[in-house]
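Visitor: File query_10.txt below, compact mmCIF, C-alpha atoms and all ligand atoms:
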# COMPACT_ATOMS: atom_id res chain seq x y z
CA MET A 1 58.81 -34.13 -19.50
CA ARG A 2 57.48 -37.69 -19.61
CA LEU A 3 53.74 -38.02 -19.12
CA ASP A 4 54.08 -40.38 -16.13
CA LYS A 5 56.38 -37.86 -14.40
CA PHE A 6 53.89 -35.07 -15.07
CA LEU A 7 51.07 -37.16 -13.61
CA THR A 8 52.96 -38.03 -10.43
CA GLU A 9 54.05 -34.40 -10.00
CA VAL A 10 50.47 -33.15 -10.08
CA GLY A 11 49.67 -35.70 -7.37
CA LEU A 12 47.70 -38.30 -9.27
CA GLY A 13 49.64 -41.18 -7.71
CA SER A 14 52.90 -43.09 -7.84
CA ARG A 15 54.54 -44.03 -11.15
CA THR A 16 52.88 -47.47 -10.95
CA GLU A 17 49.46 -46.02 -10.11
CA VAL A 18 49.53 -43.54 -12.98
CA LYS A 19 50.54 -46.31 -15.39
CA THR A 20 47.31 -48.08 -14.45
CA LEU A 21 45.31 -44.90 -15.09
CA LEU A 22 46.97 -44.59 -18.50
CA LYS A 23 46.15 -48.22 -19.35
CA LYS A 24 42.54 -47.59 -18.37
CA LYS A 25 42.45 -44.76 -20.96
CA LEU A 26 41.60 -42.14 -18.36
CA ILE A 27 44.27 -39.64 -19.43
CA THR A 28 44.06 -37.29 -22.39
CA VAL A 29 46.62 -34.88 -23.80
CA ASN A 30 45.05 -32.08 -25.82
CA GLY A 31 41.87 -34.12 -26.10
CA GLN A 32 43.52 -37.35 -27.28
CA VAL A 33 43.59 -40.48 -25.14
CA ILE A 34 47.21 -41.41 -24.41
CA THR A 35 48.23 -44.73 -22.86
CA SER A 36 52.03 -44.53 -23.07
CA PRO A 37 53.81 -43.34 -19.92
CA LYS A 38 56.73 -42.27 -22.13
CA GLU A 39 54.71 -39.70 -24.08
CA GLN A 40 56.47 -36.32 -23.90
CA VAL A 41 54.37 -33.37 -22.73
CA ASP A 42 55.08 -29.68 -22.37
CA GLU A 43 53.79 -28.98 -18.87
CA LEU A 44 53.08 -25.33 -19.63
CA ALA A 45 51.54 -25.60 -23.10
CA ASP A 46 49.77 -29.00 -23.32
CA GLN A 47 46.42 -29.61 -21.68
CA VAL A 48 46.60 -32.87 -19.77
CA SER A 49 43.32 -34.15 -18.31
CA TYR A 50 42.22 -36.96 -16.01
CA GLN A 51 38.69 -38.16 -16.72
CA TRP A 52 38.34 -35.00 -18.81
CA GLU A 53 39.21 -32.70 -15.87
CA PRO A 54 42.25 -30.53 -16.75
CA LEU A 55 45.24 -30.99 -14.44
CA LEU A 56 47.05 -27.90 -13.25
CA TYR A 57 50.85 -28.02 -13.24
CA GLU A 58 52.52 -25.86 -10.60
CA ASP A 59 56.19 -25.13 -10.14
CA LEU A 60 56.04 -23.71 -6.65
CA VAL A 61 53.91 -25.43 -4.02
CA TYR A 62 52.99 -24.49 -0.45
CA TYR A 63 51.76 -26.80 2.31
CA LEU A 64 50.53 -25.98 5.79
CA LEU A 65 51.00 -28.94 8.14
CA ASN A 66 49.66 -29.30 11.67
CA LYS A 67 52.77 -31.05 12.89
CA PRO A 68 52.17 -33.78 15.43
CA ALA A 69 54.64 -34.60 18.21
CA GLY A 70 57.14 -37.36 17.44
CA VAL A 71 58.14 -36.39 13.91
CA ILE A 72 61.19 -34.34 13.04
CA SER A 73 61.34 -31.17 10.93
CA ALA A 74 63.67 -32.63 8.31
CA THR A 75 63.23 -33.89 4.77
CA GLU A 76 64.78 -37.32 5.32
CA ASP A 77 66.18 -39.42 8.11
CA SER A 78 67.33 -43.02 8.23
CA LYS A 79 65.58 -43.78 11.52
CA GLN A 80 62.95 -41.22 12.44
CA ARG A 81 59.71 -40.18 10.77
CA THR A 82 59.96 -36.78 9.14
CA VAL A 83 57.35 -34.16 8.28
CA LEU A 84 57.81 -35.09 4.59
CA ASP A 85 56.47 -38.57 5.37
CA LEU A 86 53.15 -36.92 6.28
CA LEU A 87 52.68 -35.12 2.94
CA ASP A 88 51.66 -36.42 -0.49
CA ASP A 89 53.68 -37.58 -3.50
CA THR A 90 53.51 -34.13 -5.10
CA ALA A 91 55.27 -32.59 -2.11
CA ARG A 92 58.07 -35.15 -2.30
CA HIS A 93 58.41 -34.85 -6.09
CA LYS A 94 58.51 -31.07 -5.78
CA GLN A 95 61.14 -31.36 -3.05
CA VAL A 96 59.43 -29.16 -0.49
CA PHE A 97 61.24 -28.52 2.78
CA PRO A 98 60.15 -27.08 6.13
CA VAL A 99 60.57 -23.33 6.56
CA GLY A 100 62.33 -23.30 9.92
CA ARG A 101 62.18 -26.07 12.45
CA LEU A 102 59.85 -27.14 15.20
CA ASP A 103 61.29 -29.42 17.87
CA LYS A 104 60.34 -33.09 17.70
CA ASP A 105 57.90 -32.67 20.61
CA THR A 106 56.42 -29.35 19.34
CA THR A 107 53.10 -29.42 17.50
CA GLY A 108 51.28 -26.95 15.26
CA LEU A 109 51.77 -24.81 12.22
CA LEU A 110 54.62 -25.70 9.89
CA LEU A 111 54.98 -24.23 6.41
CA LEU A 112 56.62 -26.41 3.76
CA THR A 113 57.48 -25.16 0.29
CA ASN A 114 59.96 -25.49 -2.55
CA ASN A 115 60.10 -21.68 -2.87
CA GLY A 116 63.64 -21.10 -1.60
CA GLN A 117 63.44 -17.35 -2.00
CA LEU A 118 60.36 -17.16 0.22
CA ALA A 119 61.88 -19.49 2.82
CA HIS A 120 65.00 -17.37 2.93
CA ALA A 121 62.98 -14.19 3.41
CA LEU A 122 60.82 -15.70 6.16
CA LEU A 123 63.83 -16.96 8.07
CA SER A 124 65.95 -13.85 7.65
CA PRO A 125 66.62 -12.23 11.04
CA LYS A 126 66.05 -8.87 9.37
CA LYS A 127 62.44 -9.67 8.45
CA HIS A 128 61.26 -10.22 12.04
CA VAL A 129 58.30 -12.40 11.15
CA ASP A 130 56.10 -12.92 14.24
CA LYS A 131 55.66 -16.48 15.46
CA THR A 132 53.04 -17.18 18.13
CA TYR A 133 53.05 -20.25 20.36
CA GLU A 134 50.81 -21.62 23.07
CA ALA A 135 52.81 -23.21 25.86
CA ASP A 136 51.97 -25.35 28.87
CA VAL A 137 54.39 -24.49 31.61
CA ASP A 138 55.39 -26.20 34.80
CA GLY A 139 55.49 -23.30 37.29
CA LEU A 140 53.48 -20.12 37.64
CA MET A 141 54.29 -17.38 35.17
CA ASP A 142 53.46 -13.88 36.37
CA GLU A 143 53.60 -10.18 35.57
CA ASP A 144 57.36 -10.10 36.31
CA ASP A 145 57.82 -12.66 33.54
CA VAL A 146 55.63 -10.56 31.21
CA ALA A 147 57.88 -7.55 31.90
CA ALA A 148 61.07 -9.59 31.42
CA PHE A 149 59.83 -10.90 28.05
CA ALA A 150 58.89 -7.34 26.99
CA ALA A 151 62.34 -6.06 27.98
CA GLY A 152 64.13 -8.85 26.07
CA ILE A 153 65.30 -12.09 27.68
CA THR A 154 69.05 -12.69 27.90
CA LEU A 155 70.10 -16.24 26.99
CA SER A 156 73.65 -17.57 27.44
CA ASP A 157 74.43 -17.02 23.76
CA HIS A 158 71.80 -14.55 22.58
CA GLN A 159 70.08 -11.33 23.57
CA CYS A 160 66.44 -11.85 22.55
CA LEU A 161 64.36 -9.13 21.00
CA PRO A 162 61.36 -7.96 23.04
CA ALA A 163 58.67 -10.65 23.06
CA VAL A 164 55.04 -10.77 24.13
CA LEU A 165 54.01 -13.08 26.96
CA GLU A 166 50.26 -13.41 27.63
CA LEU A 167 49.01 -15.25 30.69
CA LEU A 168 46.02 -17.39 29.66
CA ASP A 169 45.26 -19.88 32.45
CA MET A 170 46.76 -20.49 35.83
CA ALA A 171 46.33 -23.65 37.90
CA GLU A 172 48.06 -24.39 41.20
CA GLN A 173 51.56 -24.94 39.89
CA THR A 174 51.12 -24.78 36.13
CA SER A 175 50.39 -22.08 33.56
CA ARG A 176 49.13 -21.88 30.03
CA VAL A 177 50.60 -18.92 28.17
CA ARG A 178 50.80 -17.43 24.69
CA ILE A 179 54.21 -16.24 23.52
CA THR A 180 55.03 -14.20 20.42
CA ILE A 181 58.63 -13.99 19.26
CA ARG A 182 60.19 -12.42 16.17
CA GLU A 183 63.22 -14.69 15.94
CA GLY A 184 63.75 -18.41 15.60
CA LYS A 185 66.78 -19.47 17.62
CA PHE A 186 67.26 -23.09 18.59
CA HIS A 187 64.78 -24.06 21.36
CA GLN A 188 64.11 -20.36 21.79
CA VAL A 189 60.74 -20.45 23.56
CA LYS A 190 61.78 -23.27 25.89
CA ARG A 191 65.00 -21.46 26.75
CA MET A 192 63.25 -18.14 27.33
CA VAL A 193 60.82 -19.79 29.76
CA ALA A 194 63.68 -21.73 31.40
CA SER A 195 65.54 -18.46 31.95
CA ARG A 196 62.61 -17.48 34.22
CA GLY A 197 63.00 -20.69 36.26
CA LYS A 198 60.04 -22.54 34.71
CA THR A 199 59.73 -25.43 32.25
CA VAL A 200 57.78 -25.77 29.02
CA THR A 201 55.93 -29.11 29.08
CA GLY A 202 53.96 -28.64 25.85
CA LEU A 203 54.43 -26.31 22.90
CA LYS A 204 52.21 -25.63 19.91
CA ARG A 205 52.74 -23.03 17.17
CA LEU A 206 49.59 -21.09 16.35
CA SER A 207 50.81 -18.67 13.71
CA MET A 208 53.71 -17.53 11.58
CA GLY A 209 53.47 -14.12 9.93
CA PRO A 210 50.14 -14.01 8.07
CA LEU A 211 49.52 -17.77 8.44
CA ASN A 212 47.28 -19.13 11.20
CA LEU A 213 46.81 -22.74 12.25
CA PRO A 214 43.27 -23.60 11.04
CA ASP A 215 40.93 -24.80 13.85
CA ASP A 216 39.65 -27.64 11.70
CA LEU A 217 43.05 -29.11 10.75
CA PRO A 218 43.79 -32.10 13.02
CA GLU A 219 47.32 -32.91 14.16
CA GLY A 220 49.12 -34.82 11.40
CA ALA A 221 46.89 -33.33 8.67
CA TYR A 222 47.94 -30.79 6.04
CA ARG A 223 46.40 -28.65 3.35
CA ARG A 224 47.68 -26.52 0.50
CA LEU A 225 47.84 -22.81 1.19
CA THR A 226 45.00 -20.78 -0.28
CA ALA A 227 45.78 -18.23 -3.01
CA ASP A 228 45.24 -15.43 -0.46
CA GLU A 229 47.70 -17.00 1.97
CA VAL A 230 50.34 -17.32 -0.77
CA THR A 231 49.79 -13.71 -1.78
CA ALA A 232 50.18 -12.57 1.83
CA LEU A 233 53.43 -14.52 2.19
CA LEU A 234 54.88 -13.32 -1.10
CA ALA A 235 54.28 -9.73 0.02
CA LEU A 236 57.02 -10.37 2.63
CA VAL A 237 59.69 -11.22 0.04
N1 LIG B 1 60.85 -22.67 20.40
C1 LIG B 1 61.15 -23.87 20.95
O1 LIG B 1 61.71 -23.94 22.03
N2 LIG B 1 60.83 -24.97 20.26
C2 LIG B 1 60.18 -24.95 19.08
O2 LIG B 1 59.88 -26.02 18.52
C3 LIG B 1 59.86 -23.71 18.55
C4 LIG B 1 60.21 -22.57 19.22
For this file, write the structure as structure tokens.
Ligand code: URA
Guide:
Amino acid sequence: MRLDKFLTEVGLGSRTEVKTLLKKKLITVNGQVITSPKEQVDELADQVSYQWEPLLYEDLVYYLLNKPAGVISATEDSKQRTVLDLLDDTARHKQVFPVGRLDKDTTGLLLLTNNGQLAHALLSPKKHVDKTYEADVDGLMDEDDVAAFAAGITLSDHQCLPAVLELLDMAEQTSRVRITIREGKFHQVKRMVASRGKTVTGLKRLSMGPLNLPDDLPEGAYRRLTADEVTALLALV
């Protein structure tokens, strides 16, 4: 591939930015300073370095985003901000996409990757990957609700698998709860709570399978998955 494409794909900057780095003689290929963006490199065999630090080329990439409210779980949209707008150039060049959707007003853990096989496995109804959410609820949830979730909530178009409802905090007319489901139907958590006559007013995803939302990752921020996290996910495929 062209050297400027390689450099943008490893996240060094836009095409224009990497051209400047090349002009400044900061890029070497196999130890030789190269200034032409058109230079052809073999991404697997050649050693490309920036300021003498080797750059690692990856095919498959994995991002964990703490999704803020107000952005949609899509890759592009003519009007609304998408989760892809929050990631870096590498993510866009590598064409990552969200694994499953969070509603526009839902916050928390969202996995984005270009590994289609993994995404397919994680979303497959047969795999039953646990997803845990914290929800603020208008109305008091109680032990009857816990039992109904454990038995399996019936929605108009779907019989839910047994789910875990944990009561965390109760105020006068509101509740904070933790809910673990093994499916991912449209608006599932909100609809399960609604079926009990209460309303979700805030929803945040805390975990998905082996992935947990890191405490130190602010809303709107992302990080790459660690090697251990990738290994744990790939064990599900
Ligand atoms: N369930 C919902 O209702 N919304 C989400 O965003 C995720 C799960």
Visitor: Calculated over all atoms listed in the file, which of the candidates A:Lys23, A:Arg224, A:Asp105, A:Leu168 has the smallest distance to Leu87 in chain A?
Guide: A:Arg224
Visitor: Any residue with an atom at most 6 Å from ligand LIG 1 (chain B) counts, using all atoms listed in the file. Which are they? Put them as a list in words.
Guide: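 Going residue by residue within 6 Å of ligand LIG 1 (chain B), we get Leu102, Asp103, Thr106, His187, Gln188, Val189 and Lys190 of chain A.
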Visitor: Env of range 196-204 of chain A: 8 Å cut, atoms = all atoms listed in the file, seq-sep filter 4 positions within chain, self excluded. Answer as a list in words.
Guide: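 Listing them by chain and then by number gives Asp105, Thr106, Thr107, Gly108, Leu109, Tyr133, Glu134, Ala135, Asp136, Val137, Asp138, Gly139, Leu140, Met141, Asp145, Lys190 and Met192 of chain A.
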Visitor: Need to verify the contact set: Ser207 in chain A, 6 Å, all atoms listed in the file, exclusion of same-chain residues closer than 3 positions in sequence. Can you return it as an MDAnalysis selection string?
Guide: chainID A and resid 131:132 211:213
Visitor: So how many Å separate CA of Ala221 in chain A and CA of Gly209 in chain A, to one decimal?
Guide: 20.3 Å
Visitor: For the point (48.6, -25.6, -1.8) in file coordinates, what residues are within 10 Å, counting all atoms listed in the file? Give the answer as JSON, numbers by chain?
Guide: {"A": [58, 60, 61, 62, 63, 64, 91, 112, 113, 222, 223, 224, 225, 226, 227, 229, 230]}
Visitor: Within 10 Å of Thr154 in chain A, counting only C-alpha atoms, which residues qualify if same-chain residues fewer than 5 places away don't, as a short mmCIF file (atom, residue, chain, number, x, y, z; two decimals) with C-alpha atoms, in the coordinates of the input?
Guide:
data_model
loop_
_atom_site.label_atom_id
_atom_site.label_comp_id
_atom_site.auth_asym_id
_atom_site.auth_seq_id
_atom_site.Cartn_x
_atom_site.Cartn_y
_atom_site.Cartn_z
CA ALA A 148 61.07 -9.59 31.42
CA PHE A 149 59.83 -10.90 28.05
CA GLN A 159 70.08 -11.33 23.57
CA CYS A 160 66.44 -11.85 22.55
CA LEU A 161 64.36 -9.13 21.00
CA ARG A 191 65.00 -21.46 26.75
CA MET A 192 63.25 -18.14 27.33
CA SER A 195 65.54 -18.46 31.95
#
Visitor: Pick out the closest residue to Asp59 in chain A from this set: A:Asp77, A:Ser14, A:Glu9, A:Asp85. Count only C-alpha atoms.
Guide: A:Glu9
Visitor: In the coordinate frame of the file, compute which residues have an atom within 12 Å of (64.6, -19.7, 0.2) when using all atoms listed in the file, and state them as JSON, numbers by chain.
Guide: {"A": [60, 96, 97, 98, 99, 100, 112, 113, 114, 115, 116, 117, 118, 119, 120, 121, 122, 123, 124, 234, 237]}
Visitor: Excluding Asn30 in chain A and any residue of its chain fewer than 4 positions from it, enumerate the residues within 12 Å of it, using all atoms listed in the file, and give them as a PDB file with C-alpha atoms, in the coordinates of the input.
Guide:
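result_34.pdb written:
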ATOM      1  CA  ILE A  34      47.210 -41.410 -24.410  1.00  0.00           C
ATOM      2  CA  VAL A  41      54.370 -33.370 -22.730  1.00  0.00           C
ATOM      3  CA  ASP A  42      55.080 -29.680 -22.370  1.00  0.00           C
ATOM      4  CA  GLU A  43      53.790 -28.980 -18.870  1.00  0.00           C
ATOM      5  CA  ALA A  45      51.540 -25.600 -23.100  1.00  0.00           C
ATOM      6  CA  ASP A  46      49.770 -29.000 -23.320  1.00  0.00           C
ATOM      7  CA  GLN A  47      46.420 -29.610 -21.680  1.00  0.00           C
ATOM      8  CA  VAL A  48      46.600 -32.870 -19.770  1.00  0.00           C
ATOM      9  CA  SER A  49      43.320 -34.150 -18.310  1.00  0.00           C
ATOM     10  CA  TYR A  50      42.220 -36.960 -16.010  1.00  0.00           C
ATOM     11  CA  TRP A  52      38.340 -35.000 -18.810  1.00  0.00           C
ATOM     12  CA  GLU A  53      39.210 -32.700 -15.870  1.00  0.00           C
ATOM     13  CA  PRO A  54      42.250 -30.530 -16.750  1.00  0.00           C
ATOM     14  CA  LEU A  55      45.240 -30.990 -14.440  1.00  0.00           C
TER      15      LEU A  55
END
Visitor: CA of Leu12 in chain A and CA of Asp89 in chain A, how far apart in Å?
Guide: 8.3 Å
Visitor: Give me the residues near Leu86 in chain A as number ranges by chain, where near means some atom within 9 Å (using only C-alpha atoms) and where sequence neighbours in that chain fewer than 4 positions away do not count.
Guide: A: 65, 67, 81-82, 220-222
